file target-v5.cif (mmCIF, C-alpha atoms and all ligand atoms)
data_structure
#
loop_
_atom_site.label_atom_id
_atom_site.label_comp_id
_atom_site.auth_asym_id
_atom_site.auth_seq_id
_atom_site.Cartn_x
_atom_site.Cartn_y
_atom_site.Cartn_z
CA MET A 1 -3.48 17.51 8.84
CA SER A 2 -6.12 20.13 8.18
CA MET A 3 -9.71 19.17 7.45
CA ASP A 4 -9.39 20.10 3.80
CA SER A 5 -6.47 17.88 2.93
CA VAL A 6 -5.94 14.17 2.44
CA ARG A 7 -2.79 12.06 2.48
CA LEU A 8 -1.97 9.49 -0.16
CA VAL A 9 0.28 6.56 0.66
CA GLU A 10 1.87 5.47 -2.61
CA VAL A 11 2.17 1.68 -2.74
CA GLY A 12 2.86 1.11 -6.44
CA ALA A 13 6.52 0.22 -6.06
CA ARG A 14 5.57 -2.49 -3.57
CA ASP A 15 1.96 -3.68 -3.87
CA GLY A 16 2.08 -2.92 -7.58
CA LEU A 17 5.42 -4.33 -8.60
CA GLN A 18 5.11 -7.44 -6.39
CA ASN A 19 2.37 -8.62 -8.72
CA GLU A 20 3.81 -7.76 -12.11
CA ALA A 21 5.09 -10.76 -14.06
CA ARG A 22 8.18 -8.81 -15.09
CA SER A 23 10.59 -7.94 -12.26
CA LEU A 24 12.11 -4.50 -12.54
CA PRO A 25 15.80 -3.93 -11.83
CA VAL A 26 16.86 -1.90 -8.80
CA GLU A 27 17.88 1.06 -10.95
CA THR A 28 14.40 1.42 -12.51
CA ARG A 29 12.69 1.07 -9.14
CA VAL A 30 14.88 3.81 -7.68
CA LEU A 31 14.12 6.13 -10.62
CA LEU A 32 10.39 5.45 -10.23
CA LEU A 33 10.49 6.21 -6.50
CA GLU A 34 12.37 9.45 -7.03
CA ARG A 35 9.85 10.53 -9.66
CA LEU A 36 7.01 9.77 -7.25
CA ALA A 37 8.67 11.89 -4.57
CA ALA A 38 9.19 14.69 -7.10
CA ALA A 39 5.47 14.52 -7.92
CA GLY A 40 4.73 15.40 -4.29
CA LEU A 41 4.06 12.05 -2.66
CA ARG A 42 5.28 12.08 0.91
CA THR A 43 4.78 8.51 2.12
CA ILE A 44 6.11 6.05 -0.41
CA GLU A 45 6.23 2.29 0.11
CA SER A 46 9.42 1.34 -1.65
CA GLY A 47 9.94 -2.38 -1.17
CA ALA A 48 9.32 -5.45 0.95
CA PHE A 49 11.75 -7.24 3.22
CA VAL A 50 10.01 -10.55 2.72
CA SER A 51 11.40 -13.85 1.50
CA PRO A 52 12.60 -13.48 -2.11
CA ARG A 53 11.51 -17.07 -2.60
CA TRP A 54 7.93 -16.04 -1.82
CA VAL A 55 7.93 -12.75 -3.72
CA PRO A 56 10.83 -12.60 -6.20
CA GLN A 57 9.75 -9.18 -7.51
CA MET A 58 10.74 -7.62 -4.18
CA ALA A 59 14.25 -9.08 -4.18
CA GLY A 60 16.77 -6.25 -4.11
CA SER A 61 14.63 -4.08 -1.83
CA ASP A 62 17.69 -3.62 0.38
CA GLU A 63 19.60 -2.08 -2.52
CA VAL A 64 16.60 0.03 -3.58
CA LEU A 65 16.22 1.56 -0.13
CA ARG A 66 19.95 2.08 0.23
CA ARG A 67 20.18 3.95 -3.05
CA LEU A 68 17.30 6.39 -2.48
CA THR A 69 18.44 9.94 -1.85
CA PRO A 70 16.82 11.24 1.34
CA ARG A 71 14.44 14.14 0.72
CA PRO A 72 13.04 16.40 3.41
CA GLY A 73 9.44 15.50 4.22
CA VAL A 74 9.51 12.23 2.27
CA THR A 75 9.34 8.86 4.03
CA TYR A 76 10.34 5.76 2.07
CA THR A 77 8.77 2.79 3.84
CA ALA A 78 8.89 -0.98 3.44
CA LEU A 79 6.90 -4.06 4.35
CA VAL A 80 8.31 -6.40 6.99
CA PRO A 81 6.74 -9.77 7.89
CA ASN A 82 8.96 -10.59 10.88
CA LEU A 83 12.06 -9.61 12.87
CA GLU A 84 14.36 -10.78 10.10
CA GLY A 85 12.61 -8.34 7.74
CA LEU A 86 12.84 -5.52 10.27
CA GLU A 87 16.56 -6.06 10.72
CA ARG A 88 17.02 -5.78 6.96
CA ALA A 89 15.00 -2.54 7.01
CA LEU A 90 17.06 -1.11 9.87
CA ALA A 91 20.29 -2.05 8.12
CA VAL A 92 19.41 0.18 5.18
CA GLY A 93 18.19 3.07 7.31
CA CYS A 94 14.38 2.74 6.98
CA ARG A 95 12.57 5.13 9.32
CA GLU A 96 9.16 3.53 8.86
CA VAL A 97 8.00 -0.02 8.16
CA ALA A 98 4.67 -1.81 7.83
CA VAL A 99 3.56 -5.14 9.25
CA PHE A 100 0.69 -7.02 7.64
CA ALA A 101 -1.93 -9.25 9.21
CA ALA A 102 -5.05 -10.73 7.66
CA ALA A 103 -8.64 -10.91 8.85
CA SER A 104 -8.94 -14.34 7.20
CA GLU A 105 -7.13 -17.43 8.54
CA ALA A 106 -6.82 -19.02 5.11
CA PHE A 107 -5.24 -15.89 3.66
CA SER A 108 -2.85 -15.57 6.59
CA GLN A 109 -1.63 -19.12 6.03
CA ARG A 110 -1.14 -18.68 2.29
CA ASN A 111 0.42 -15.25 2.56
CA ILE A 112 2.77 -15.53 5.51
CA ASN A 113 2.60 -19.22 6.43
CA CYS A 114 1.16 -18.78 9.92
CA SER A 115 -2.12 -18.17 11.73
CA ILE A 116 -3.47 -14.72 12.51
CA ALA A 117 -2.66 -15.20 16.20
CA GLN A 118 0.90 -16.31 15.41
CA SER A 119 1.39 -13.30 13.14
CA LEU A 120 0.19 -10.90 15.84
CA GLU A 121 2.57 -12.50 18.30
CA ARG A 122 5.43 -12.05 15.82
CA PHE A 123 4.50 -8.44 15.30
CA GLN A 124 4.75 -7.78 19.06
CA SER A 125 8.48 -8.41 18.85
CA VAL A 126 8.74 -6.43 15.61
CA LEU A 127 7.02 -3.48 17.32
CA ALA A 128 9.24 -3.76 20.40
CA ARG A 129 12.42 -3.73 18.30
CA ALA A 130 11.11 -0.90 16.10
CA ARG A 131 10.28 1.19 19.16
CA GLU A 132 13.80 0.67 20.46
CA ALA A 133 15.16 1.81 17.08
CA GLY A 134 12.79 4.78 16.91
CA VAL A 135 11.12 3.48 13.75
CA ALA A 136 7.42 4.07 13.08
CA VAL A 137 5.24 1.06 12.25
CA ARG A 138 2.10 1.00 10.14
CA GLY A 139 -0.23 -2.01 10.22
CA TYR A 140 -2.22 -3.56 7.38
CA VAL A 141 -5.28 -5.71 7.75
CA SER A 142 -5.95 -7.74 4.57
CA CYS A 143 -9.21 -9.27 3.38
CA VAL A 144 -11.35 -6.71 5.19
CA MET A 145 -14.23 -7.17 2.75
CA GLY A 146 -13.68 -10.71 1.62
CA CYS A 147 -11.15 -13.52 1.26
CA PRO A 148 -10.06 -15.09 -2.05
CA PHE A 149 -10.17 -18.55 -0.46
CA THR A 150 -13.13 -18.50 1.93
CA GLY A 151 -15.39 -15.67 0.76
CA GLN A 152 -17.05 -13.68 3.50
CA VAL A 153 -15.03 -12.25 6.36
CA PRO A 154 -16.90 -11.20 9.51
CA THR A 155 -16.55 -7.50 10.30
CA ALA A 156 -15.94 -8.36 13.95
CA ARG A 157 -12.79 -10.21 12.89
CA VAL A 158 -11.50 -7.17 10.98
CA VAL A 159 -12.14 -4.90 13.96
CA GLU A 160 -10.41 -7.33 16.31
CA VAL A 161 -7.24 -7.47 14.17
CA ALA A 162 -7.22 -3.70 13.57
CA ARG A 163 -7.53 -3.09 17.28
CA ALA A 164 -4.77 -5.57 18.13
CA LEU A 165 -2.38 -3.86 15.70
CA HIS A 166 -3.25 -0.44 17.05
CA GLU A 167 -2.87 -1.56 20.65
CA MET A 168 0.57 -2.99 20.01
CA GLY A 169 1.69 0.40 18.69
CA CYS A 170 0.97 0.68 14.96
CA TYR A 171 0.38 4.39 14.44
CA GLU A 172 -1.94 3.82 11.52
CA ILE A 173 -4.08 0.87 10.43
CA SER A 174 -4.67 0.41 6.73
CA LEU A 175 -7.81 -1.56 5.97
CA GLY A 176 -7.18 -3.60 2.82
CA ASP A 177 -9.84 -4.77 0.40
CA THR A 178 -7.31 -7.20 -1.01
CA ILE A 179 -9.61 -8.71 -3.62
CA GLY A 180 -11.55 -5.58 -4.49
CA THR A 181 -15.04 -6.97 -3.93
CA GLY A 182 -16.21 -4.29 -1.47
CA THR A 183 -18.98 -1.81 -2.20
CA PRO A 184 -19.53 1.71 -0.81
CA GLY A 185 -22.25 0.66 1.65
CA GLN A 186 -20.04 -2.11 2.97
CA THR A 187 -17.15 0.34 3.22
CA ALA A 188 -19.18 2.82 5.26
CA ARG A 189 -20.34 0.08 7.64
CA LEU A 190 -16.81 -1.25 8.04
CA ILE A 191 -15.34 2.15 8.90
CA LYS A 192 -18.13 2.76 11.39
CA ALA A 193 -17.45 -0.59 13.06
CA CYS A 194 -13.69 0.04 13.22
CA VAL A 195 -14.08 3.50 14.71
CA ALA A 196 -15.60 1.90 17.81
CA GLU A 197 -12.16 0.40 18.57
CA VAL A 198 -9.57 2.45 16.65
CA PRO A 199 -9.53 6.26 16.41
CA LEU A 200 -10.66 7.56 13.02
CA THR A 201 -7.44 9.55 12.67
CA ALA A 202 -5.49 6.28 12.87
CA LEU A 203 -7.39 4.61 10.02
CA ALA A 204 -6.40 4.42 6.36
CA ALA A 205 -8.16 2.70 3.48
CA HIS A 206 -6.60 0.47 0.81
CA PHE A 207 -8.72 -0.58 -2.13
CA HIS A 208 -8.07 -2.84 -5.08
CA ASP A 209 -10.16 -2.15 -8.15
CA THR A 210 -11.07 -5.69 -9.24
CA TYR A 211 -14.81 -4.94 -9.43
CA GLY A 212 -14.40 -1.30 -10.43
CA MET A 213 -15.64 -0.09 -7.04
CA ALA A 214 -12.41 1.38 -5.69
CA VAL A 215 -13.05 5.08 -6.39
CA ALA A 216 -16.61 4.79 -5.06
CA ASN A 217 -15.27 3.04 -1.97
CA VAL A 218 -12.68 5.76 -1.42
CA HIS A 219 -15.43 8.32 -1.57
CA ALA A 220 -17.51 6.37 0.93
CA ALA A 221 -14.54 6.10 3.29
CA LEU A 222 -13.87 9.83 2.86
CA GLU A 223 -17.49 10.60 3.79
CA ALA A 224 -17.03 8.37 6.83
CA GLY A 225 -14.10 10.60 7.86
CA VAL A 226 -11.03 8.71 6.63
CA ARG A 227 -8.27 11.03 5.36
CA VAL A 228 -5.48 8.60 4.41
CA PHE A 229 -5.66 6.43 1.28
CA ASP A 230 -3.32 3.91 -0.28
CA SER A 231 -2.99 3.85 -4.06
CA SER A 232 -0.62 2.81 -6.85
CA VAL A 233 0.63 4.98 -9.66
CA SER A 234 -0.95 3.83 -12.94
CA GLY A 235 -3.04 1.32 -10.99
CA LEU A 236 -0.13 -1.09 -10.71
CA GLY A 237 -0.69 -3.98 -8.42
CA GLY A 238 -2.66 -6.90 -7.18
CA CYS A 239 -1.69 -9.65 -4.81
CA PRO A 240 0.22 -12.81 -5.68
CA TYR A 241 -1.97 -14.87 -3.32
CA SER A 242 -5.24 -13.41 -4.45
CA PRO A 243 -6.00 -14.83 -7.90
CA GLY A 244 -7.87 -12.45 -10.18
CA ALA A 245 -7.30 -9.39 -8.01
CA THR A 246 -6.39 -6.37 -10.11
CA GLY A 247 -4.24 -3.47 -9.10
CA ASN A 248 -4.72 -0.94 -6.38
CA VAL A 249 -6.85 2.05 -7.18
CA ALA A 250 -4.73 4.36 -9.35
CA SER A 251 -3.10 7.29 -7.57
CA GLU A 252 -4.03 9.51 -10.54
CA GLU A 253 -7.72 8.72 -9.98
CA LEU A 254 -7.49 9.72 -6.33
CA VAL A 255 -5.67 12.97 -7.04
CA TYR A 256 -8.28 13.86 -9.67
CA LEU A 257 -11.10 12.93 -7.28
CA PHE A 258 -9.73 14.84 -4.30
CA HIS A 259 -8.74 17.96 -6.24
CA GLY A 260 -12.20 17.92 -7.79
CA LEU A 261 -13.65 17.94 -4.28
CA GLY A 262 -11.46 20.89 -3.32
CA LEU A 263 -9.23 18.78 -1.09
CA SER A 264 -5.48 19.31 -1.28
CA THR A 265 -3.04 16.42 -1.70
CA GLY A 266 0.24 18.24 -2.35
CA ILE A 267 0.57 16.18 -5.52
CA ASP A 268 1.28 17.48 -9.02
CA LEU A 269 -0.99 15.38 -11.26
CA ALA A 270 1.01 15.94 -14.46
CA ARG A 271 4.24 14.80 -12.80
CA LEU A 272 2.45 11.81 -11.29
CA ILE A 273 1.17 10.78 -14.72
CA LYS A 274 4.68 11.03 -16.12
CA ALA A 275 5.98 8.82 -13.31
CA GLY A 276 3.27 6.33 -14.29
CA ALA A 277 4.24 6.50 -17.97
CA PHE A 278 7.84 5.80 -16.96
CA VAL A 279 7.01 2.59 -15.08
CA ASP A 280 4.48 1.45 -17.71
CA GLN A 281 7.15 1.73 -20.37
CA ALA A 282 9.56 -0.32 -18.25
CA LEU A 283 6.88 -3.00 -17.74
CA HIS A 284 5.59 -2.89 -21.33
CA ARG A 285 2.05 -2.37 -20.10
CA PRO A 286 -0.62 0.20 -20.89
CA THR A 287 -1.59 2.61 -18.15
CA GLY A 288 -4.06 1.28 -15.61
CA SER A 289 -5.30 4.80 -14.85
CA ARG A 290 -8.28 6.18 -16.75
CA VAL A 291 -7.34 9.71 -15.67
CA ALA A 292 -3.82 9.25 -17.08
CA LYS A 293 -5.20 7.77 -20.29
CA ALA A 294 -7.62 10.66 -20.77
CA LEU A 295 -5.12 13.40 -19.99
CA LEU A 296 -2.28 11.89 -22.01
CA HIS A 297 -4.60 11.70 -24.98
CA LYS A 298 -6.01 15.18 -24.51
CA HIS A 299 -2.73 16.93 -23.88
CA ASN A 300 -0.50 14.90 -26.17
CA GLN A 301 2.38 13.88 -23.90
CA LEU A 302 0.92 16.01 -21.17
CA GLU A 303 1.87 19.59 -21.84
CA ILE A 304 -0.15 20.59 -18.81
CA PRO A 305 1.14 23.86 -17.33
P1 LIG B 1 8.44 -19.18 6.15
O1 LIG B 1 8.93 -20.10 5.09
O2 LIG B 1 7.36 -19.65 7.07
O3 LIG B 1 9.69 -18.57 6.98
O4 LIG B 1 7.94 -17.85 5.46
P2 LIG B 1 10.70 -19.19 8.00
O5 LIG B 1 10.79 -18.24 9.14
O6 LIG B 1 10.41 -20.63 8.26
O7 LIG B 1 12.06 -19.08 7.18
C1 LIG B 1 12.25 -19.82 5.97
C2 LIG B 1 13.36 -19.16 5.15
O8 LIG B 1 12.95 -17.82 4.79
C3 LIG B 1 14.66 -18.99 5.91
O9 LIG B 1 15.71 -19.10 4.95
C4 LIG B 1 14.61 -17.57 6.39
O10 LIG B 1 15.87 -17.01 6.59
C5 LIG B 1 13.90 -16.88 5.25
P3 LIG B 1 16.53 -20.46 4.77
O11 LIG B 1 17.12 -20.74 6.12
O12 LIG B 1 15.54 -21.52 4.34
O13 LIG B 1 17.51 -20.10 3.70
N1 LIG B 1 13.25 -15.66 5.69
C6 LIG B 1 13.47 -14.43 5.16
N2 LIG B 1 14.25 -14.02 4.15
C7 LIG B 1 14.24 -12.72 3.87
N3 LIG B 1 13.50 -11.81 4.53
C8 LIG B 1 12.70 -12.18 5.54
C9 LIG B 1 12.67 -13.55 5.89
N4 LIG B 1 11.99 -14.23 6.82
C10 LIG B 1 12.36 -15.51 6.70
N5 LIG B 1 11.95 -11.27 6.19
C11 LIG B 1 7.58 -15.46 5.47
C12 LIG B 1 7.43 -16.76 6.22
C13 LIG B 1 6.77 -14.43 6.20
C14 LIG B 1 9.05 -15.08 5.43
C15 LIG B 1 7.07 -15.67 4.02
O14 LIG B 1 5.80 -16.24 4.05
C16 LIG B 1 7.01 -14.38 3.23
O15 LIG B 1 8.02 -13.76 2.93
N6 LIG B 1 5.79 -13.94 2.82
C17 LIG B 1 5.66 -12.69 2.10
C18 LIG B 1 4.27 -12.54 1.61
C19 LIG B 1 4.09 -11.21 0.92
O16 LIG B 1 4.96 -10.40 0.78
N7 LIG B 1 2.84 -11.00 0.47
C20 LIG B 1 2.46 -9.83 -0.21
C21 LIG B 1 2.23 -8.66 0.72
S1 LIG B 1 0.66 -8.69 1.58
C22 LIG B 1 -0.36 -7.75 0.57
O17 LIG B 1 0.01 -7.47 -0.53
C23 LIG B 1 -1.64 -7.21 1.11
C24 LIG B 1 -1.59 -5.69 1.35
O18 LIG B 1 -1.30 -5.00 0.15
C25 LIG B 1 -2.94 -5.19 1.90
C26 LIG B 1 -4.14 -5.66 1.09
O19 LIG B 1 -4.21 -5.46 -0.14
O20 LIG B 1 -5.03 -6.21 1.75
C27 LIG B 1 -0.50 -5.34 2.38
MG MG B 2 -2.82 -4.58 -1.43
#
call {"tool": "encode", "arguments": {"input": "target-v5.cif", "output": "structure tokens"}}
result
Amino acid sequence: MSMDSVRLVEVGARDGLQNEARSLPVETRVLLLERLAAAGLRTIESGAFVSPRWVPQMAGSDEVLRRLTPRPGVTYTALVPNLEGLERALAVGCREVAVFAAASEAFSQRNINCSIAQSLERFQSVLARAREAGVAVRGYVSCVMGCPFTGQVPTARVVEVARALHEMGCYEISLGDTIGTGTPGQTARLIKACVAEVPLTALAAHFHDTYGMAVANVHAALEAGVRVFDSSVSGLGGCPYSPGATGNVASEELVYLFHGLGLSTGIDLARLIKAGAFVDQALHRPTGSRVAKALLHKHNQLEIP
């Protein structure tokens, strides 16, 4: 990737939809994903091979992934918590998956019913099997700037988990501010601390907008050298185990921010906004993107050339 471009990882169909009260049918999820790809997104998280008892909104992910039409340059990825999840992903032809660990013990227990150490041990076998299958693995660290159950999370703990995931073979580590409490200064310090153990080019940032800091945090991470950012179309999202957390930062906000800075994303903002309008209509919710709201109003159904 050149210095003047950034990569967005679209997580709306997973991190977003997993936290919407209304579950969307497979058909609607597939249409959303294809619209996101048509808007220019290249890495698109499309589902989660987790227990449907734990996250009912992600039931049917197998069918979603199976029905997506492959597109050159587009990778449809999925979350896997264990080997059982990876086998489901392999069965439907996933070429990339993501494992997820936490930097907080309490969150790890509530989210995946095991300790951080146990999860890392599980992921070793997931990574080994993925390597054998030639599937790329991304790694998330949750609660990097705070935990919904215990508050502060030591930076050293975040760095330790990020490093462990990188060492076991995750090609990219996404640092997740699960509850959206982080601030730009904290973001800059966190990236600096992580870079001591994980190469900057292997770091991504994942912000939730609970306190309205997400765009500012993205900018701080960008200044610190990060070039990969997770976001959700229309600001869908949250976390079922993180009460009060709002959605991910909206993808529309990031495209507007980056294009305004002269950085290329490969994304067509008007098409992205239309993809957002599509899913909002299906969910009966207003847009969670201020950029989408402003442009839809200004251009009346977005007649942007
Ligand atoms: P468990 O109950 O400890 O699992 O749950 P288990 O291994 O004891 O198995 C119990 C049952 O679950 C068995 O079925 C298994 O087959 C089944 P039974 O025999 O009782 O019928 N099972 C599965 N079914 C389908 N797919 C699987 C699977 N594994 C076991 N992969 C488990 C452990 C990890 C499965 C559970 O806790 C779980 O699914 N958790 C999912 C949590 C989740 O998805 N959270 C949201 C994503 S994390 C996030 O959003 C943060 C992030 O965005 C970054 C950020 O913002 O910070 C990534
Ligand atoms: Mg998240």
call {"tool": "closest_atom_pairs", "arguments": {"input": "target-v5.cif", "of": "chain A", "to": "ligand MG 2 (chain B)", "cutoff": "10 Å", "atoms": "only C-alpha atoms and all ligand atoms", "output": "JSON lines"}}
result
{"residue": "A:Val11", "atom": "CA", "partner": "B:MG2", "partner_atom": "MG", "distance": 8.1}
{"residue": "A:Gly12", "atom": "CA", "partner": "B:MG2", "partner_atom": "MG", "distance": 9.5}
{"residue": "A:Arg14", "atom": "CA", "partner": "B:MG2", "partner_atom": "MG", "distance": 8.9}
{"residue": "A:Asp15", "atom": "CA", "partner": "B:MG2", "partner_atom": "MG", "distance": 5.4}
{"residue": "A:Gly16", "atom": "CA", "partner": "B:MG2", "partner_atom": "MG", "distance": 8.0}
{"residue": "A:Gln18", "atom": "CA", "partner": "B:MG2", "partner_atom": "MG", "distance": 9.8}
{"residue": "A:Asn19", "atom": "CA", "partner": "B:MG2", "partner_atom": "MG", "distance": 9.8}
{"residue": "A:Tyr140", "atom": "CA", "partner": "B:MG2", "partner_atom": "MG", "distance": 8.9}
{"residue": "A:Val141", "atom": "CA", "partner": "B:MG2", "partner_atom": "MG", "distance": 9.6}
{"residue": "A:Ser142", "atom": "CA", "partner": "B:MG2", "partner_atom": "MG", "distance": 7.5}
{"residue": "A:Cys143", "atom": "CA", "partner": "B:MG2", "partner_atom": "MG", "distance": 9.3}
{"residue": "A:Ser174", "atom": "CA", "partner": "B:MG2", "partner_atom": "MG", "distance": 9.7}
{"residue": "A:Leu175", "atom": "CA", "partner": "B:MG2", "partner_atom": "MG", "distance": 9.4}
{"residue": "A:Gly176", "atom": "CA", "partner": "B:MG2", "partner_atom": "MG", "distance": 6.2}
{"residue": "A:Asp177", "atom": "CA", "partner": "B:MG2", "partner_atom": "MG", "distance": 7.3}
{"residue": "A:Thr178", "atom": "CA", "partner": "B:MG2", "partner_atom": "MG", "distance": 5.2}
{"residue": "A:Ile179", "atom": "CA", "partner": "B:MG2", "partner_atom": "MG", "distance": 8.2}
{"residue": "A:Gly180", "atom": "CA", "partner": "B:MG2", "partner_atom": "MG", "distance": 9.3}
{"residue": "A:His206", "atom": "CA", "partner": "B:MG2", "partner_atom": "MG", "distance": 6.7}
{"residue": "A:Phe207", "atom": "CA", "partner": "B:MG2", "partner_atom": "MG", "distance": 7.2}
{"residue": "A:His208", "atom": "CA", "partner": "B:MG2", "partner_atom": "MG", "distance": 6.6}
{"residue": "A:Asp230", "atom": "CA", "partner": "B:MG2", "partner_atom": "MG", "distance": 8.6}
{"residue": "A:Ser231", "atom": "CA", "partner": "B:MG2", "partner_atom": "MG", "distance": 8.8}
{"residue": "A:Ser232", "atom": "CA", "partner": "B:MG2", "partner_atom": "MG", "distance": 9.4}
{"residue": "A:Gly237", "atom": "CA", "partner": "B:MG2", "partner_atom": "MG", "distance": 7.3}
{"residue": "A:Gly238", "atom": "CA", "partner": "B:MG2", "partner_atom": "MG", "distance": 6.2}
{"residue": "A:Cys239", "atom": "CA", "partner": "B:MG2", "partner_atom": "MG", "distance": 6.2}
{"residue": "A:Pro240", "atom": "CA", "partner": "B:MG2", "partner_atom": "MG", "distance": 9.7}
{"residue": "A:Ser242", "atom": "CA", "partner": "B:MG2", "partner_atom": "MG", "distance": 9.6}
{"residue": "A:Ala245", "atom": "CA", "partner": "B:MG2", "partner_atom": "MG", "distance": 9.3}
{"residue": "A:Thr246", "atom": "CA", "partner": "B:MG2", "partner_atom": "MG", "distance": 9.6}
{"residue": "A:Gly247", "atom": "CA", "partner": "B:MG2", "partner_atom": "MG", "distance": 7.9}
{"residue": "A:Asn248", "atom": "CA", "partner": "B:MG2", "partner_atom": "MG", "distance": 6.4}
{"residue": "A:Val249", "atom": "CA", "partner": "B:MG2", "partner_atom": "MG", "distance": 9.7}
call {"tool": "write_last_selection", "arguments": {"input": "target-v5.cif", "atoms": "C-alpha atoms", "output": "compact mmCIF listing (two decimals), in the coordinates of the input"}}
result
# COMPACT_ATOMS: atom_id res chain seq x y z
CA VAL A 11 2.17 1.68 -2.74
CA GLY A 12 2.86 1.11 -6.44
CA ARG A 14 5.57 -2.49 -3.57
CA ASP A 15 1.96 -3.68 -3.87
CA GLY A 16 2.08 -2.92 -7.58
CA GLN A 18 5.11 -7.44 -6.39
CA ASN A 19 2.37 -8.62 -8.72
CA TYR A 140 -2.22 -3.56 7.38
CA VAL A 141 -5.28 -5.71 7.75
CA SER A 142 -5.95 -7.74 4.57
CA CYS A 143 -9.21 -9.27 3.38
CA SER A 174 -4.67 0.41 6.73
CA LEU A 175 -7.81 -1.56 5.97
CA GLY A 176 -7.18 -3.60 2.82
CA ASP A 177 -9.84 -4.77 0.40
CA THR A 178 -7.31 -7.20 -1.01
CA ILE A 179 -9.61 -8.71 -3.62
CA GLY A 180 -11.55 -5.58 -4.49
CA HIS A 206 -6.60 0.47 0.81
CA PHE A 207 -8.72 -0.58 -2.13
CA HIS A 208 -8.07 -2.84 -5.08
CA ASP A 230 -3.32 3.91 -0.28
CA SER A 231 -2.99 3.85 -4.06
CA SER A 232 -0.62 2.81 -6.85
CA GLY A 237 -0.69 -3.98 -8.42
CA GLY A 238 -2.66 -6.90 -7.18
CA CYS A 239 -1.69 -9.65 -4.81
CA PRO A 240 0.22 -12.81 -5.68
CA SER A 242 -5.24 -13.41 -4.45
CA ALA A 245 -7.30 -9.39 -8.01
CA THR A 246 -6.39 -6.37 -10.11
CA GLY A 247 -4.24 -3.47 -9.10
CA ASN A 248 -4.72 -0.94 -6.38
CA VAL A 249 -6.85 2.05 -7.18
call {"tool": "residues_near_point", "arguments": {"input": "target-v5.cif", "point": "(13.3, -3.8, 12.9)", "cutoff": "7 Å", "atoms": "all atoms listed in the file", "output": "list in words"}}
result
Leu83, Gly85, Leu86, Glu87, Ala89, Leu90, Val126, Arg129 and Ala130 of chain A
call {"tool": "atom_distance", "arguments": {"input": "target-v5.cif", "atom1": "CA of Leu127 in chain A", "atom2": "CA of Ile173 in chain A"}}
result
13.8 Å
call {"tool": "residues_around", "arguments": {"input": "target-v5.cif", "residues": "Met213 in chain A", "least_positions_apart": "6", "cutoff": "8 Å", "atoms": "only C-alpha atoms", "output": "PDB file with C-alpha atoms, keeping the file's coordinate frame"}}
result
ATOM      1  CA  GLY A 180     -11.550  -5.580  -4.490  1.00  0.00           C
ATOM      2  CA  THR A 181     -15.040  -6.970  -3.930  1.00  0.00           C
ATOM      3  CA  GLY A 182     -16.210  -4.290  -1.470  1.00  0.00           C
ATOM      4  CA  THR A 183     -18.980  -1.810  -2.200  1.00  0.00           C
ATOM      5  CA  PRO A 184     -19.530   1.710  -0.810  1.00  0.00           C
TER       6      PRO A 184
END
call {"tool": "closest_residue", "arguments": {"input": "target-v5.cif", "among": "A:Val50, A:Leu295, A:Val99, A:Leu203", "to": "ligand LIG 1 (chain B)", "atoms": "all atoms listed in the file"}}
result
A:Val50
